[in-house]
file query-v4.txt (compact mmCIF, C-alpha atoms)
# COMPACT_ATOMS: atom_id res chain seq x y z
CA MET K 950 41.20 125.20 247.51
CA ARG K 951 43.68 126.14 244.79
CA ASP K 952 42.98 129.11 242.51
CA GLY K 953 39.33 128.97 243.56
CA LEU K 954 38.98 125.29 242.65
CA PRO K 955 38.56 122.33 245.02
CA ASN K 956 41.51 120.05 245.64
CA TRP K 957 40.44 116.49 244.89
CA THR K 958 42.39 113.80 246.73
CA LYS K 959 42.64 110.32 245.29
CA PRO K 960 40.86 107.92 247.70
CA SER K 961 43.07 105.38 249.41
CA ASP K 962 40.08 103.01 249.58
CA TRP K 963 37.64 103.11 246.66
CA ASP K 964 35.05 101.03 248.52
CA ASP K 965 35.05 103.57 251.32
CA ALA K 966 34.85 106.43 248.82
CA TYR K 967 31.45 105.16 247.64
CA ALA K 968 30.19 104.05 251.08
CA ASN K 969 27.28 106.21 252.26
CA GLY K 970 25.53 104.51 255.16
CA ALA K 971 28.64 104.33 257.34
CA TYR K 972 28.85 108.12 257.33
CA ILE K 973 25.16 108.89 258.01
CA GLU K 974 23.74 108.85 261.53
CA ASN K 975 20.94 106.30 261.97
CA SER K 976 21.30 105.35 258.32
CA GLY K 977 19.39 102.11 258.83
CA SER K 978 16.19 103.94 259.67
CA TYR K 979 15.86 105.61 256.29
CA VAL K 980 14.77 102.59 254.27
CA GLU K 981 12.00 101.76 256.75
CA HIS K 982 10.77 105.37 256.59
CA TRP K 983 10.82 105.39 252.78
CA GLU K 984 8.84 102.15 252.58
CA ARG K 985 6.18 103.27 255.08
CA ALA K 986 5.78 106.71 253.51
CA SER K 987 5.56 105.20 250.02
CA GLU K 988 2.91 102.69 251.04
CA ARG K 989 0.79 105.46 252.60
CA PHE K 990 1.12 107.62 249.48
CA ARG K 991 0.11 104.78 247.15
CA GLU K 992 -2.92 103.99 249.28
CA GLU K 993 -3.99 107.65 249.25
CA MET K 994 -3.58 107.92 245.50
CA LEU K 995 -5.41 104.65 244.84
CA THR K 996 -8.29 105.78 247.04
CA ALA K 997 -8.43 109.02 245.05
CA ASN K 998 -8.41 107.04 241.75
CA ARG K 999 -5.21 108.81 240.72
CA ALA K 1000 -2.75 105.90 240.58
CA GLU K 1001 -2.04 103.11 238.12
CA LEU K 1002 0.38 100.56 239.53
CA ASP K 1003 2.58 97.93 237.91
CA LEU K 1004 2.07 99.08 234.34
CA ALA K 1005 4.24 96.85 232.12
CA TYR K 1006 6.57 98.76 229.80
CA GLY K 1007 8.38 95.58 228.72
CA ASP K 1008 8.40 91.81 229.13
CA ALA K 1009 10.94 91.39 231.95
CA GLN K 1010 9.66 90.85 235.49
CA ARG K 1011 10.88 94.24 236.75
CA GLU K 1012 9.92 96.20 233.64
CA LYS K 1013 7.00 97.88 235.37
CA LEU K 1014 6.20 101.42 236.43
CA ASP K 1015 3.73 103.24 238.67
CA LEU K 1016 1.94 106.33 237.40
CA PHE K 1017 0.53 108.98 239.73
CA MET K 1018 -1.80 111.65 238.38
CA PRO K 1019 -2.54 115.16 239.64
CA GLU K 1020 -6.00 116.64 239.96
CA GLY K 1021 -7.09 117.86 236.54
CA THR K 1022 -5.08 117.75 233.32
CA PRO K 1023 -1.35 117.19 233.93
CA LYS K 1024 1.03 120.02 233.08
CA GLY K 1025 3.47 117.40 231.86
CA LEU K 1026 5.30 114.21 232.80
CA PHE K 1027 7.92 113.90 235.54
CA VAL K 1028 9.87 110.63 235.73
CA PHE K 1029 11.87 109.62 238.81
CA VAL K 1030 14.43 106.80 238.58
CA HIS K 1031 15.52 105.19 241.85
CA GLY K 1032 19.05 104.41 242.97
CA GLY K 1033 20.65 101.59 244.92
CA TYR K 1034 23.98 101.22 243.09
CA TRP K 1035 22.20 99.30 240.28
CA LEU K 1036 22.06 96.41 242.78
CA SER K 1037 19.05 97.03 245.04
CA PHE K 1038 15.62 98.62 245.53
CA ASP K 1039 12.66 98.99 243.22
CA LYS K 1040 9.98 101.61 242.62
CA SER K 1041 7.98 100.68 245.74
CA ALA K 1042 10.33 102.49 248.17
CA TRP K 1043 10.08 105.87 246.44
CA SER K 1044 6.40 106.54 245.71
CA HIS K 1045 6.24 109.28 248.34
CA LEU K 1046 8.70 111.37 246.32
CA ALA K 1047 5.94 111.88 243.74
CA ALA K 1048 3.97 113.97 246.24
CA GLY K 1049 5.62 117.31 245.48
CA PRO K 1050 5.42 117.20 241.66
CA VAL K 1051 1.88 115.78 241.77
CA ALA K 1052 0.78 118.63 244.03
CA ARG K 1053 2.18 121.06 241.45
CA GLY K 1054 0.07 119.51 238.72
CA TRP K 1055 2.47 117.03 237.11
CA ALA K 1056 1.96 113.35 236.39
CA VAL K 1057 4.76 111.25 237.89
CA ALA K 1058 6.05 107.92 236.57
CA MET K 1059 8.32 105.73 238.69
CA PRO K 1060 9.86 102.71 236.97
CA SER K 1061 11.64 99.66 238.26
CA TYR K 1062 14.37 98.07 236.14
CA THR K 1063 16.30 94.82 236.21
CA LEU K 1064 19.17 94.91 238.70
CA ALA K 1065 22.71 93.58 238.54
CA PRO K 1066 24.01 90.93 238.33
CA GLU K 1067 20.96 89.75 236.34
CA ALA K 1068 21.33 92.75 234.01
CA ARG K 1069 24.28 94.84 232.93
CA ILE K 1070 24.17 98.61 233.33
CA SER K 1071 23.86 99.01 229.56
CA THR K 1072 20.64 96.97 229.72
CA MET K 1073 19.32 99.18 232.51
CA THR K 1074 19.92 102.23 230.31
CA GLN K 1075 17.75 100.70 227.61
CA GLN K 1076 15.06 99.72 230.12
CA VAL K 1077 14.82 103.21 231.61
CA GLY K 1078 14.54 104.58 228.10
CA ALA K 1079 11.72 102.15 227.36
CA ALA K 1080 9.95 103.16 230.58
CA ILE K 1081 10.08 106.84 229.64
CA LEU K 1082 8.86 106.09 226.11
CA TYR K 1083 5.91 104.15 227.53
CA ALA K 1084 5.04 106.81 230.12
CA ALA K 1085 5.18 109.44 227.38
CA THR K 1086 2.32 107.66 225.61
CA LYS K 1087 0.19 108.00 228.75
CA VAL K 1088 0.82 111.71 229.45
CA GLU K 1089 1.10 114.62 227.03
CA GLY K 1090 3.22 117.73 227.38
CA PRO K 1091 6.79 118.48 228.41
CA ILE K 1092 8.91 115.82 230.09
CA ARG K 1093 11.25 116.29 233.04
CA ILE K 1094 13.30 113.43 234.47
CA ALA K 1095 15.25 113.03 237.69
CA GLY K 1096 17.07 110.19 239.37
CA HIS K 1097 19.02 109.58 242.55
CA SER K 1098 22.50 108.00 242.81
CA ALA K 1099 22.49 105.14 240.26
CA GLY K 1100 19.24 106.67 239.04
CA GLY K 1101 21.09 109.96 238.62
CA HIS K 1102 23.46 108.13 236.31
CA LEU K 1103 20.61 106.56 234.35
CA VAL K 1104 18.76 109.83 233.75
CA SER K 1105 21.94 111.57 232.62
CA ARG K 1106 22.33 108.75 230.07
CA MET K 1107 18.91 109.70 228.68
CA MET K 1108 20.31 113.05 227.49
CA CYS K 1109 23.37 111.63 225.80
CA ALA K 1110 23.54 111.71 222.01
CA ASP K 1111 23.11 107.90 221.93
CA THR K 1112 19.96 108.09 224.06
CA PRO K 1113 17.41 105.27 223.73
CA LEU K 1114 14.66 107.91 223.57
CA SER K 1115 12.86 108.54 220.30
CA LYS K 1116 13.23 111.88 218.52
CA GLU K 1117 9.66 112.80 219.46
CA VAL K 1118 10.33 112.19 223.16
CA GLN K 1119 13.71 113.93 222.95
CA ASP K 1120 11.88 117.01 221.69
CA ARG K 1121 9.60 116.90 224.73
CA LEU K 1122 12.48 116.46 227.19
CA LYS K 1123 13.24 119.86 228.74
CA HIS K 1124 15.30 119.26 231.88
CA VAL K 1125 17.27 116.48 233.55
CA ILE K 1126 18.09 116.57 237.26
CA SER K 1127 20.78 114.14 238.35
CA ILE K 1128 20.66 113.91 242.15
CA SER K 1129 23.87 112.53 243.67
CA GLY K 1130 24.56 110.98 240.29
CA LEU K 1131 27.58 109.00 239.15
CA HIS K 1132 28.73 110.12 235.73
CA ASP K 1133 32.13 108.44 235.29
CA LEU K 1134 31.80 104.74 236.07
CA ARG K 1135 35.46 103.84 235.65
CA PRO K 1136 36.33 104.26 239.36
CA LEU K 1137 33.76 101.56 240.18
CA LEU K 1138 36.08 99.03 238.56
CA ASN K 1139 38.18 99.42 241.72
CA THR K 1140 35.34 98.49 244.11
CA ARG K 1141 34.01 95.23 245.50
CA MET K 1142 30.54 96.14 244.28
CA ASN K 1143 31.80 95.44 240.78
CA ASP K 1144 31.61 91.75 241.65
CA GLY K 1145 27.88 92.27 241.16
CA LEU K 1146 27.94 94.99 238.51
CA GLN K 1147 30.40 93.04 236.32
CA LEU K 1148 31.55 96.21 234.62
CA ASP K 1149 34.53 96.02 232.30
CA LEU K 1150 36.43 99.03 231.05
CA ALA K 1151 34.63 99.11 227.70
CA GLU K 1152 31.18 99.21 229.30
CA ALA K 1153 32.27 101.67 231.98
CA ARG K 1154 33.41 104.03 229.25
CA ALA K 1155 30.31 103.50 227.09
CA GLU K 1156 27.89 104.06 229.98
CA SER K 1157 29.61 107.12 231.49
CA ALA K 1158 27.67 110.27 230.61
CA ALA K 1159 30.78 112.37 231.26
CA LEU K 1160 32.50 110.56 228.38
CA ARG K 1161 29.64 111.03 225.90
CA GLU K 1162 28.19 113.84 223.81
CA PRO K 1163 25.02 115.48 225.19
CA LEU K 1164 21.76 116.17 223.42
CA ALA K 1165 21.21 119.77 222.37
CA GLY K 1166 18.35 121.74 223.86
CA VAL K 1167 18.06 119.90 227.20
CA ASP K 1168 19.06 121.62 230.44
CA LEU K 1169 21.01 119.72 233.11
CA THR K 1170 21.13 120.23 236.87
CA CYS K 1171 23.56 118.17 238.95
CA TRP K 1172 22.23 118.27 242.51
CA VAL K 1173 24.03 116.87 245.55
CA GLY K 1174 24.04 117.20 249.33
CA ALA K 1175 26.92 119.27 250.63
CA GLU K 1176 27.53 116.64 253.35
CA GLU K 1177 27.88 113.73 250.91
CA ARG K 1178 31.07 111.77 250.40
CA PRO K 1179 33.79 113.68 248.52
CA GLU K 1180 33.51 111.33 245.56
CA PHE K 1181 29.85 112.26 245.06
CA LEU K 1182 30.72 115.96 245.23
CA ARG K 1183 33.42 115.41 242.61
CA GLN K 1184 31.13 113.43 240.33
CA ASN K 1185 28.44 116.11 240.68
CA GLN K 1186 30.81 118.83 239.51
CA LEU K 1187 32.29 116.63 236.79
CA LEU K 1188 29.33 116.30 234.44
CA ALA K 1189 28.18 119.91 234.75
CA ASN K 1190 31.72 121.07 234.08
CA ILE K 1191 32.26 118.93 230.98
CA TRP K 1192 28.85 119.45 229.40
CA THR K 1193 29.01 123.22 229.92
CA GLY K 1194 31.96 123.11 227.56
CA LEU K 1195 29.81 121.22 225.06
CA GLY K 1196 27.09 123.87 224.97
CA VAL K 1197 24.61 122.54 227.53
CA GLU K 1198 22.92 124.85 230.03
CA THR K 1199 24.12 123.28 233.27
CA ASP K 1200 24.12 123.98 236.97
CA ALA K 1201 25.90 122.18 239.81
CA VAL K 1202 24.17 122.61 243.17
CA GLU K 1203 25.44 121.56 246.60
CA VAL K 1204 22.62 121.72 249.14
CA PRO K 1205 23.71 122.66 252.68
CA TYR K 1206 23.09 120.19 255.51
CA LYS K 1207 21.99 117.41 253.15
CA HIS K 1208 23.56 113.96 252.85
CA HIS K 1209 23.05 111.08 250.42
CA PHE K 1210 19.92 109.75 252.12
CA ASN K 1211 17.98 112.96 252.80
CA VAL K 1212 18.93 114.98 249.71
CA ILE K 1213 15.88 113.56 247.87
CA ALA K 1214 13.37 114.22 250.67
CA ASP K 1215 12.44 117.67 249.35
CA LEU K 1216 10.58 116.05 246.44
CA GLU K 1217 7.85 115.28 248.97
CA GLU K 1218 7.18 119.00 249.38
CA ALA K 1219 5.40 121.03 246.71
CA ASP K 1220 7.15 124.26 247.66
CA SER K 1221 10.71 122.97 248.05
CA ALA K 1222 13.45 124.33 245.82
CA LEU K 1223 14.01 120.88 244.32
CA THR K 1224 10.36 120.32 243.44
CA LYS K 1225 10.04 123.80 241.99
CA LEU K 1226 13.14 123.19 239.88
CA ALA K 1227 11.75 119.86 238.69
CA THR K 1228 8.40 121.36 237.66
CA ASN K 1229 9.32 124.85 236.49
CA GLU K 1230 7.38 125.54 233.31
CA VAL K 1231 9.73 128.30 232.11
CA GLY K 1232 10.72 127.66 228.49
CA ASP K 1233 8.04 125.03 227.84
call {"tool": "encode", "arguments": {"input": "query-v4.txt", "output": "structure tokens"}}
result
Amino acid sequence: MRDGLPNWTKPSDWDDAYANGAYIENSGSYVEHWERASERFREEMLTANRAELDLAYGDAQREKLDLFMPEGTPKGLFVFVHGGYWLSFDKSAWSHLAAGPVARGWAVAMPSYTLAPEARISTMTQQVGAAILYAATKVEGPIRIAGHSAGGHLVSRMMCADTPLSKEVQDRLKHVISISGLHDLRPLLNTRMNDGLQLDLAEARAESAALREPLAGVDLTCWVGAEERPEFLRQNQLLANIWTGLGVETDAVEVPYKHHFNVIADLEEADSALTKLATNEVGD
């Protein structure tokens, strides 16, 4: 630390700086757990007549979302956008993370989007916007959005001044939670994953929330596990720091004992701090 601030060290290997699995014990077991838990949750919600699956919000093959409903009238709409470095996964591995918000009375939408290299990140931004616009026609009330990793980037893009969201939906958007999000994409130009992402400097700049103006009236929480890679801790602080200076109510949270793969698990629990933050009705 220097003058109360962290000392950031330039990585000697940018691929290693963004590598998560190599630094998490039994990392390979997480995907299997997510898929099993998600399948169980979908089956339970379908049995209860509280799930609509594969709703098309666009014409592309992956432009589909799942919608999970609470008992009774929803308090509002919560949207969760999955991660996977814009290169992998779809909505089917994350259904179980709707359990906490649903238990607190919120409808939850979980979209898929077209992955790289088939789509550029700028296209994914537009697709996520379209998914939120569609889900907003299905559920009334306030809107909260959260995303993990690449999804954390995509939800932060929703509260930029050039958001793809309509003015009506912007007015309903109250809070964005970027979990382990990446907000300056320029370092990714130095990684091998960019062979798939095909980012150039112009797009990296245009799609970096930290380099854009934020919407007024939307709160931001940047949420990260304290045991994540240093680059994720830096990126978490970055957006909250910059947007605070632009008038946004922000918070940067580092959760003890959490790493990149288990930092999202608390969304399964209705009474977890993360779920309560995501569904807090204060100010609505």
call {"tool": "closest_residue", "arguments": {"input": "query-v4.txt", "among": "K:Glu1152, K:Glu1203, K:Glu1089, K:Glu1198", "to": "Trp1172 (chain K)", "atoms": "all atoms listed in the file"}}
result
K:Glu1203
call {"tool": "atom_distance", "arguments": {"input": "query-v4.txt", "atom1": "CA of Asp962 (chain K)", "atom2": "CA of Ala1159 (chain K)"}}
result
22.6 Å
call {"tool": "closest_atom_pairs", "arguments": {"input": "query-v4.txt", "of": "region 967-1033 of chain K", "to": "region 1049-1073 of chain K", "cutoff": "6 Å", "atoms": "all atoms listed in the file", "output": "tab-separated table"}}
result
residue	atom	partner	partner_atom	distance
K:Arg1011	CA	K:Tyr1062	CA	5.2
K:Glu1012	CA	K:Tyr1062	CA	5.4
K:Lys1013	CA	K:Ser1061	CA	5.7
K:Leu1014	CA	K:Pro1060	CA	3.9
K:Asp1015	CA	K:Met1059	CA	5.2
K:Leu1016	CA	K:Ala1058	CA	4.5
K:Phe1017	CA	K:Val1057	CA	5.1
K:Met1018	CA	K:Ala1056	CA	4.6
K:Pro1019	CA	K:Val1051	CA	4.9
K:Pro1023	CA	K:Trp1055	CA	5.0
K:Lys1024	CA	K:Trp1055	CA	5.2
K:Gly1025	CA	K:Trp1055	CA	5.4
K:Leu1026	CA	K:Ala1056	CA	5.0
K:Phe1027	CA	K:Val1057	CA	4.7
K:Val1028	CA	K:Ala1058	CA	4.8
K:Phe1029	CA	K:Met1059	CA	5.3
call {"tool": "residues_around", "arguments": {"input": "query-v4.txt", "residues": "Lys1123 (chain K)", "least_positions_apart": "4", "cutoff": "7 Å", "atoms": "only C-alpha atoms", "output": "VMD selection string"}}
result
chain K and resid 1091 to 1093 1167 to 1168
call {"tool": "write_last_selection", "arguments": {"input": "query-v4.txt", "atoms": "C-alpha atoms", "output": "PDB file, in the coordinates of the input"}}
result
ATOM      1  CA  PRO K1091       6.790 118.480 228.410  1.00  0.00           C
ATOM      2  CA  ILE K1092       8.910 115.820 230.090  1.00  0.00           C
ATOM      3  CA  ARG K1093      11.250 116.290 233.040  1.00  0.00           C
ATOM      4  CA  VAL K1167      18.060 119.900 227.200  1.00  0.00           C
ATOM      5  CA  ASP K1168      19.060 121.620 230.440  1.00  0.00           C
TER       6      ASP K1168
END
call {"tool": "residues_around", "arguments": {"input": "query-v4.txt", "residues": "Asn998 (chain K)", "least_positions_apart": "2", "cutoff": "12 Å", "atoms": "all atoms listed in the file", "output": "JSON, numbers by chain"}}
result
{"K": [991, 992, 993, 994, 995, 996, 1000, 1001, 1002, 1016, 1017, 1018, 1019, 1020]}
call {"tool": "atom_distance", "arguments": {"input": "query-v4.txt", "atom1": "CA of His1102 (chain K)", "atom2": "CA of Ser1127 (chain K)"}}
result
6.9 Å
call {"tool": "residues_around", "arguments": {"input": "query-v4.txt", "residues": "Arg1141 (chain K)", "least_positions_apart": "2", "cutoff": "12 Å", "atoms": "all atoms listed in the file", "output": "PyMOL selection string"}}
result
chain K and resi 962-968+1034+1136-1139+1143-1148
call {"tool": "atom_distance", "arguments": {"input": "query-v4.txt", "atom1": "CA of Arg985 (chain K)", "atom2": "CA of Asn1211 (chain K)"}}
result
15.4 Å
call {"tool": "residues_near_point", "arguments": {"input": "query-v4.txt", "point": "(35.9, 106.0, 234.5)", "cutoff": "8 Å", "atoms": "all atoms listed in the file", "output": "list in words"}}
result
Asp1133, Leu1134, Arg1135, Pro1136, Leu1137, Leu1150, Ala1153, Arg1154 and Ser1157 of chain K
call {"tool": "write_last_selection", "arguments": {"input": "query-v4.txt", "atoms": "C-alpha atoms", "output": "CSV table (one decimal), in the coordinates of the input"}}
result
chain,number,residue,atom,x,y,z
K,1133,ASP,CA,32.1,108.4,235.3
K,1134,LEU,CA,31.8,104.7,236.1
K,1135,ARG,CA,35.5,103.8,235.6
K,1136,PRO,CA,36.3,104.3,239.4
K,1137,LEU,CA,33.8,101.6,240.2
K,1150,LEU,CA,36.4,99.0,231.0
K,1153,ALA,CA,32.3,101.7,232.0
K,1154,ARG,CA,33.4,104.0,229.2
K,1157,SER,CA,29.6,107.1,231.5
call {"tool": "residues_near_point", "arguments": {"input": "query-v4.txt", "point": "(26.5, 107.2, 226.8)", "cutoff": "10 Å", "atoms": "all atoms listed in the file", "output": "ChimeraX atom specification"}}
result
/K:1071,1074,1103,1105-1113,1132,1152-1163
call {"tool": "closest_residue", "arguments": {"input": "query-v4.txt", "among": "K:Ala1079, K:Ile1213, K:Ile1191, K:Ala1009", "to": "Gly1101 (chain K)", "atoms": "all atoms listed in the file"}}
result
K:Ile1213
call {"tool": "axis_aligned_box", "arguments": {"input": "query-v4.txt", "around": "region 1207-1211 of chain K", "padding_each_side": "4 Å", "output": "lines of an AutoDock Vina configuration file"}}
result
center_x = 20.8
center_y = 113.6
center_z = 251.8
size_x = 13.6
size_y = 15.7
size_z = 10.7
call {"tool": "closest_residue", "arguments": {"input": "query-v4.txt", "among": "K:Gly1196, K:Gly1174, K:Pro1179, K:Gly1078", "to": "His1209 (chain K)", "atoms": "only C-alpha atoms"}}
result
K:Gly1174
call {"tool": "decode", "arguments": {"input": "query-v4.txt", "residues": "region 1191-1202 of chain K", "atoms": "all heavy atoms", "output": "CSV table (one decimal), in the first residue's frame"}}
result
chain,number,residue,atom,x,y,z
K,1191,ILE,N,-13.9,5.7,-11.2
K,1191,ILE,CA,-14.1,6.6,-12.2
K,1191,ILE,C,-15.5,7.2,-12.2
K,1191,ILE,O,-15.7,8.4,-12.3
K,1191,ILE,CB,-13.8,6.0,-13.6
K,1191,ILE,CG1,-12.3,5.8,-13.7
K,1191,ILE,CG2,-14.3,6.9,-14.7
K,1191,ILE,CD1,-11.9,5.0,-14.9
K,1192,TRP,N,-16.5,6.3,-12.1
K,1192,TRP,CA,-17.9,6.8,-12.1
K,1192,TRP,C,-18.3,7.5,-10.9
K,1192,TRP,O,-19.3,8.4,-11.0
K,1192,TRP,CB,-18.8,5.6,-12.4
K,1192,TRP,CG,-18.9,5.3,-13.9
K,1192,TRP,CD1,-18.1,5.9,-14.9
K,1192,TRP,CD2,-19.7,4.3,-14.5
K,1192,TRP,NE1,-18.4,5.4,-16.1
K,1192,TRP,CE2,-19.4,4.4,-15.9
K,1192,TRP,CE3,-20.6,3.4,-14.1
K,1192,TRP,CZ2,-20.0,3.6,-16.9
K,1192,TRP,CZ3,-21.3,2.6,-15.0
K,1192,TRP,CH2,-21.0,2.7,-16.4
K,1193,THR,N,-17.7,7.3,-9.7
K,1193,THR,CA,-17.9,8.2,-8.6
K,1193,THR,C,-17.6,9.6,-8.9
K,1193,THR,O,-18.4,10.5,-8.6
K,1193,THR,CB,-17.1,7.7,-7.4
K,1193,THR,OG1,-17.5,6.5,-6.9
K,1193,THR,CG2,-17.2,8.7,-6.2
K,1194,GLY,N,-16.5,9.8,-9.7
K,1194,GLY,CA,-16.2,11.2,-10.1
K,1194,GLY,C,-17.1,11.8,-11.1
K,1194,GLY,O,-17.0,13.0,-11.4
K,1195,LEU,N,-18.0,10.9,-11.7
K,1195,LEU,CA,-18.9,11.4,-12.7
K,1195,LEU,C,-20.4,11.5,-12.1
K,1195,LEU,O,-21.3,11.6,-12.8
K,1195,LEU,CB,-18.9,10.5,-13.9
K,1195,LEU,CG,-17.5,10.5,-14.6
K,1195,LEU,CD1,-17.6,9.5,-15.8
K,1195,LEU,CD2,-17.2,11.9,-15.1
K,1196,GLY,N,-20.5,11.4,-10.8
K,1196,GLY,CA,-21.7,11.6,-10.1
K,1196,GLY,C,-22.6,10.4,-9.8
K,1196,GLY,O,-23.7,10.6,-9.4
K,1197,VAL,N,-22.1,9.2,-10.1
K,1197,VAL,CA,-22.8,8.0,-9.8
K,1197,VAL,C,-22.6,7.5,-8.4
K,1197,VAL,O,-21.5,7.6,-7.8
K,1197,VAL,CB,-22.4,6.9,-10.8
K,1197,VAL,CG1,-23.1,5.6,-10.5
K,1197,VAL,CG2,-22.6,7.3,-12.2
K,1198,GLU,N,-23.7,7.1,-7.8
K,1198,GLU,CA,-23.6,6.4,-6.5
K,1198,GLU,C,-23.0,5.0,-6.7
K,1198,GLU,O,-23.6,4.1,-7.3
K,1198,GLU,CB,-25.0,6.3,-5.8
K,1198,GLU,CG,-25.6,7.6,-5.4
K,1198,GLU,CD,-24.9,8.2,-4.2
K,1198,GLU,OE1,-24.2,7.5,-3.4
K,1198,GLU,OE2,-24.9,9.5,-4.1
K,1199,THR,N,-21.7,4.9,-6.2
K,1199,THR,CA,-21.1,3.6,-6.5
K,1199,THR,C,-20.6,3.0,-5.2
K,1199,THR,O,-20.4,3.7,-4.2
K,1199,THR,CB,-19.8,3.8,-7.4
K,1199,THR,OG1,-18.8,4.5,-6.7
K,1199,THR,CG2,-20.2,4.6,-8.7
K,1200,ASP,N,-20.3,1.7,-5.3
K,1200,ASP,CA,-19.6,1.0,-4.2
K,1200,ASP,C,-18.8,-0.1,-4.8
K,1200,ASP,O,-19.1,-0.7,-5.8
K,1200,ASP,CB,-20.7,0.4,-3.2
K,1200,ASP,CG,-20.1,-0.1,-1.9
K,1200,ASP,OD1,-19.0,0.3,-1.6
K,1200,ASP,OD2,-20.9,-0.7,-1.1
K,1201,ALA,N,-17.6,-0.3,-4.2
K,1201,ALA,CA,-16.7,-1.4,-4.6
K,1201,ALA,C,-16.5,-2.3,-3.4
K,1201,ALA,O,-16.0,-1.9,-2.4
K,1201,ALA,CB,-15.4,-0.8,-5.1
K,1202,VAL,N,-17.0,-3.6,-3.6
K,1202,VAL,CA,-17.0,-4.5,-2.5
K,1202,VAL,C,-16.1,-5.7,-2.8
K,1202,VAL,O,-16.1,-6.2,-4.0
K,1202,VAL,CB,-18.4,-5.1,-2.3
K,1202,VAL,CG1,-18.4,-6.1,-1.2
K,1202,VAL,CG2,-19.4,-3.9,-2.0
